[in-house]
Amino acid sequence: LRRPPRRRLLALRCISLGLPRIFGNPYNMSIYDAGDHYLFLYVEHNSPRRVWMDGRTPPADTAPTSNGYSVGHWENANTLVIETIHLLPGWLDGSGLPMSGEGTKTVERSVFAENKLSADRTMVITDPYYTQPLTRVRGWARDNVVDVSEQASCDPASYYTDLLETGQIAEYLKP
């Protein structure tokens, strides 16, 4: 696949990585039980994600977002399954593999250890750009003393200044 010239690090433009990229994010996060949903709060650009646990379906006018619309359920006491749709077009990972967005669906399975201090996680990504689903595997480790405070403000101007100084701004602005 050819990488479009607009491929730049989203973090430099102060844009959330979104799913599925945030699945492998090395930064801290917290998960809050809010009754009918879990709230995942990722430190990377203070990016929130709701995972609805009450079986609801997305409203007809649901707009795509970087983290999409997620619905989850427990398969047993130790396995959380989360399905996500309504994603914006973007990148599957840091290597520049494109993602169609609205046609993309992710299914995450987190299998927690009996002591609930860690989980083995698998994400299966189905996207019209690819002939077969893609699979990502990661782990989680729980730490009750992790600081999930607000990330320092991002300065997107530095990203554009770099493009200007390296003579790449004209290429970036091409339609």
# chains A, B, ... in the order shown; residues from 1 in each chain; ligands from 1
call {"tool": "residues_around", "arguments": {"residues": "Pro133 in chain A", "least_positions_apart": "2", "cutoff": "10 Å", "atoms": "only C-alpha atoms", "output": "mmCIF file with N, CA, C and O atoms, in the first residue's frame"}}
result
data_model
loop_
_atom_site.group_PDB
_atom_site.id
_atom_site.type_symbol
_atom_site.label_atom_id
_atom_site.label_comp_id
_atom_site.auth_asym_id
_atom_site.auth_seq_id
_atom_site.Cartn_x
_atom_site.Cartn_y
_atom_site.Cartn_z
ATOM 1 N N LYS A 105 -15.063 -2.292 11.614
ATOM 2 C CA LYS A 105 -15.645 -2.817 12.853
ATOM 3 C C LYS A 105 -14.516 -3.472 13.639
ATOM 4 O O LYS A 105 -13.694 -4.187 13.072
ATOM 5 N N THR A 106 -14.484 -3.213 14.943
ATOM 6 C CA THR A 106 -13.524 -3.887 15.807
ATOM 7 C C THR A 106 -14.265 -4.727 16.835
ATOM 8 O O THR A 106 -15.351 -4.346 17.291
ATOM 9 N N MET A 123 -7.823 -7.903 19.607
ATOM 10 C CA MET A 123 -8.723 -7.081 18.809
ATOM 11 C C MET A 123 -8.716 -7.626 17.384
ATOM 12 O O MET A 123 -7.656 -7.806 16.791
ATOM 13 N N VAL A 124 -9.914 -7.889 16.863
ATOM 14 C CA VAL A 124 -10.068 -8.298 15.470
ATOM 15 C C VAL A 124 -10.694 -7.116 14.732
ATOM 16 O O VAL A 124 -11.731 -6.600 15.126
ATOM 17 N N ILE A 125 -10.006 -6.686 13.663
ATOM 18 C CA ILE A 125 -10.428 -5.521 12.893
ATOM 19 C C ILE A 125 -10.916 -5.987 11.534
ATOM 20 O O ILE A 125 -10.174 -6.649 10.802
ATOM 21 N N THR A 126 -12.163 -5.666 11.217
ATOM 22 C CA THR A 126 -12.717 -5.973 9.901
ATOM 23 C C THR A 126 -12.888 -4.646 9.176
ATOM 24 O O THR A 126 -13.522 -3.730 9.697
ATOM 25 N N ASP A 127 -12.299 -4.551 7.980
ATOM 26 C CA ASP A 127 -12.316 -3.298 7.234
ATOM 27 C C ASP A 127 -12.391 -3.616 5.742
ATOM 28 O O ASP A 127 -11.712 -4.517 5.273
ATOM 29 N N PRO A 128 -13.214 -2.881 4.989
ATOM 30 C CA PRO A 128 -13.347 -3.137 3.552
ATOM 31 C C PRO A 128 -12.034 -3.010 2.767
ATOM 32 O O PRO A 128 -11.925 -3.552 1.683
ATOM 33 N N TYR A 129 -11.052 -2.308 3.305
ATOM 34 C CA TYR A 129 -9.774 -2.171 2.613
ATOM 35 C C TYR A 129 -8.991 -3.485 2.553
ATOM 36 O O TYR A 129 -8.072 -3.614 1.763
ATOM 37 N N TYR A 130 -9.333 -4.445 3.403
ATOM 38 C CA TYR A 130 -8.536 -5.657 3.538
ATOM 39 C C TYR A 130 -9.377 -6.896 3.223
ATOM 40 O O TYR A 130 -10.570 -6.927 3.491
ATOM 41 N N THR A 131 -8.727 -7.914 2.674
ATOM 42 C CA THR A 131 -9.433 -9.123 2.249
ATOM 43 C C THR A 131 -9.743 -10.053 3.404
ATOM 44 O O THR A 131 -10.571 -10.960 3.257
ATOM 45 N N THR A 135 -5.697 -8.975 13.142
ATOM 46 C CA THR A 135 -5.748 -9.264 14.572
ATOM 47 C C THR A 135 -4.596 -8.577 15.295
ATOM 48 O O THR A 135 -3.452 -8.624 14.836
#
call {"tool": "select_by_dssp", "arguments": {"residues": "range 8-139 of chain A", "states": "strand (DSSP E or B)", "output": "PyMOL selection string"}}
result
chain A and resi 29-33+37-42+47-52+65+69-76+79-85+87+90-91+98-99+105-112+118-126+134-139
call {"tool": "residues_around", "arguments": {"residues": "range 48-51 of chain A", "least_positions_apart": "3", "cutoff": "8 Å", "atoms": "only C-alpha atoms", "output": "list in words"}}
result
His37, Tyr38, Leu39, Phe40, Leu41, Tyr42, Asn67, Tyr69, Ser70, Val71, Gly72 and Ile82 of chain A
call {"tool": "atom_distance", "arguments": {"atom1": "CA of Leu17 in chain A", "atom2": "CA of Glu108 in chain A"}}
result
16.9 Å
call {"tool": "closest_residue", "arguments": {"among": "A:Asp120, A:Glu102, A:Asp54, A:Glu83", "to": "Ala34 in chain A", "atoms": "only C-alpha atoms"}}
result
A:Asp54
call {"tool": "residues_around", "arguments": {"residues": "Gly18 in chain A", "least_positions_apart": "5", "cutoff": "10 Å", "atoms": "only C-alpha atoms", "output": "PyMOL selection string"}}
result
chain A and resi 10+23+25+44+47-49+65-68+87-92
call {"tool": "write_last_selection", "arguments": {"atoms": "all heavy atoms", "output": "short mmCIF file (atom, residue, chain, number, x, y, z; two decimals), in the first residue's frame"}}
result
data_model
loop_
_atom_site.label_atom_id
_atom_site.label_comp_id
_atom_site.auth_asym_id
_atom_site.auth_seq_id
_atom_site.Cartn_x
_atom_site.Cartn_y
_atom_site.Cartn_z
N LEU A 10 -0.54 11.79 14.34
CA LEU A 10 -1.72 12.48 14.86
C LEU A 10 -1.41 13.22 16.15
O LEU A 10 -1.95 14.29 16.39
CB LEU A 10 -2.84 11.47 15.09
CG LEU A 10 -3.39 10.79 13.84
CD1 LEU A 10 -4.38 9.71 14.23
CD2 LEU A 10 -4.03 11.79 12.92
N PHE A 23 -5.71 0.99 21.01
CA PHE A 23 -5.70 -0.35 21.61
C PHE A 23 -4.29 -0.73 22.05
O PHE A 23 -4.10 -1.38 23.06
CB PHE A 23 -6.25 -1.37 20.59
CG PHE A 23 -6.23 -2.79 21.06
CD1 PHE A 23 -7.21 -3.26 21.92
CD2 PHE A 23 -5.26 -3.67 20.64
CE1 PHE A 23 -7.22 -4.58 22.35
CE2 PHE A 23 -5.25 -5.00 21.05
CZ PHE A 23 -6.23 -5.45 21.91
N ASN A 25 -1.87 1.51 22.70
CA ASN A 25 -1.29 2.69 23.31
C ASN A 25 -0.53 2.34 24.58
O ASN A 25 -1.06 1.68 25.46
CB ASN A 25 -2.42 3.67 23.62
CG ASN A 25 -1.96 5.01 24.09
OD1 ASN A 25 -0.89 5.17 24.65
ND2 ASN A 25 -2.79 6.00 23.85
N GLU A 44 -3.56 9.80 26.65
CA GLU A 44 -3.20 10.39 25.35
C GLU A 44 -4.29 11.34 24.89
O GLU A 44 -5.39 10.93 24.53
CB GLU A 44 -3.00 9.28 24.33
CG GLU A 44 -2.61 9.76 22.97
CD GLU A 44 -1.19 10.29 22.89
OE1 GLU A 44 -0.40 10.05 23.81
OE2 GLU A 44 -0.87 10.94 21.91
N SER A 47 -8.43 11.42 25.97
CA SER A 47 -9.42 10.85 25.05
C SER A 47 -10.39 9.92 25.77
O SER A 47 -10.00 8.86 26.23
CB SER A 47 -8.67 10.09 23.95
OG SER A 47 -9.54 9.59 23.01
N PRO A 48 -11.67 10.29 25.87
CA PRO A 48 -12.66 9.41 26.53
C PRO A 48 -13.29 8.44 25.53
O PRO A 48 -13.38 8.71 24.34
CB PRO A 48 -13.71 10.40 27.04
CG PRO A 48 -13.68 11.50 26.02
CD PRO A 48 -12.24 11.60 25.55
N ARG A 49 -13.71 7.31 26.07
CA ARG A 49 -14.44 6.31 25.27
C ARG A 49 -15.50 5.69 26.15
O ARG A 49 -15.22 5.23 27.26
CB ARG A 49 -13.45 5.24 24.80
CG ARG A 49 -14.10 4.12 24.04
CD ARG A 49 -13.08 3.06 23.71
NE ARG A 49 -13.66 1.97 22.95
CZ ARG A 49 -13.15 0.75 22.90
NH1 ARG A 49 -12.04 0.48 23.54
NH2 ARG A 49 -13.75 -0.18 22.21
N THR A 65 -16.81 8.90 15.10
CA THR A 65 -15.82 9.58 15.93
C THR A 65 -14.53 8.77 15.92
O THR A 65 -14.50 7.63 15.43
CB THR A 65 -16.31 9.74 17.38
OG1 THR A 65 -16.44 8.43 17.97
CG2 THR A 65 -17.62 10.48 17.46
N SER A 66 -13.48 9.32 16.50
CA SER A 66 -12.20 8.61 16.51
C SER A 66 -12.26 7.32 17.33
O SER A 66 -11.56 6.36 17.02
CB SER A 66 -11.09 9.52 17.03
OG SER A 66 -11.35 9.93 18.35
N ASN A 67 -13.09 7.28 18.37
CA ASN A 67 -13.23 6.07 19.18
C ASN A 67 -14.49 5.29 18.85
O ASN A 67 -14.75 4.24 19.44
CB ASN A 67 -13.18 6.39 20.66
CG ASN A 67 -11.78 6.72 21.12
OD1 ASN A 67 -10.81 6.18 20.61
ND2 ASN A 67 -11.65 7.64 22.05
N GLY A 68 -15.32 5.79 17.95
CA GLY A 68 -16.50 5.06 17.50
C GLY A 68 -17.58 4.90 18.55
O GLY A 68 -17.59 5.57 19.58
N LEU A 87 -16.65 4.47 13.19
CA LEU A 87 -15.31 5.03 13.34
C LEU A 87 -15.00 5.99 12.20
O LEU A 87 -15.44 5.78 11.07
CB LEU A 87 -14.28 3.91 13.36
CG LEU A 87 -14.30 3.03 14.61
CD1 LEU A 87 -13.66 1.68 14.34
CD2 LEU A 87 -13.61 3.74 15.75
N LEU A 88 -14.21 7.00 12.50
CA LEU A 88 -13.72 7.90 11.46
C LEU A 88 -12.64 7.21 10.64
O LEU A 88 -11.95 6.33 11.15
CB LEU A 88 -13.12 9.16 12.10
CG LEU A 88 -14.08 10.17 12.69
CD1 LEU A 88 -13.32 11.23 13.47
CD2 LEU A 88 -14.91 10.81 11.59
N PRO A 89 -12.46 7.60 9.39
CA PRO A 89 -11.32 7.07 8.63
C PRO A 89 -10.03 7.45 9.36
O PRO A 89 -9.95 8.49 10.01
CB PRO A 89 -11.40 7.79 7.29
CG PRO A 89 -12.80 8.29 7.19
CD PRO A 89 -13.27 8.52 8.60
N GLY A 90 -9.03 6.61 9.26
CA GLY A 90 -7.78 6.90 9.95
C GLY A 90 -6.73 5.86 9.64
O GLY A 90 -6.67 5.33 8.53
N TRP A 91 -5.96 5.53 10.65
CA TRP A 91 -4.84 4.61 10.51
C TRP A 91 -4.99 3.48 11.50
O TRP A 91 -5.33 3.69 12.66
CB TRP A 91 -3.53 5.36 10.75
CG TRP A 91 -3.42 6.56 9.87
CD1 TRP A 91 -3.64 7.87 10.25
CD2 TRP A 91 -3.15 6.59 8.48
NE1 TRP A 91 -3.50 8.69 9.17
CE2 TRP A 91 -3.20 7.93 8.07
CE3 TRP A 91 -2.87 5.61 7.54
CZ2 TRP A 91 -2.97 8.31 6.75
CZ3 TRP A 91 -2.64 6.00 6.23
CH2 TRP A 91 -2.69 7.34 5.85
N LEU A 92 -4.70 2.27 11.04
CA LEU A 92 -4.81 1.11 11.92
C LEU A 92 -3.70 1.08 12.95
O LEU A 92 -3.88 0.58 14.05
CB LEU A 92 -4.77 -0.18 11.10
CG LEU A 92 -5.96 -0.43 10.18
CD1 LEU A 92 -5.73 -1.70 9.37
CD2 LEU A 92 -7.24 -0.53 10.97
#
call {"tool": "atom_distance", "arguments": {"atom1": "CA of Gly101 in chain A", "atom2": "CA of Gly35 in chain A"}}
result
28.7 Å
call {"tool": "closest_residue", "arguments": {"among": "A:Glu165, A:Trp52, A:Trp74, A:Val43", "to": "Asn28 in chain A", "atoms": "only C-alpha atoms"}}
result
A:Val43
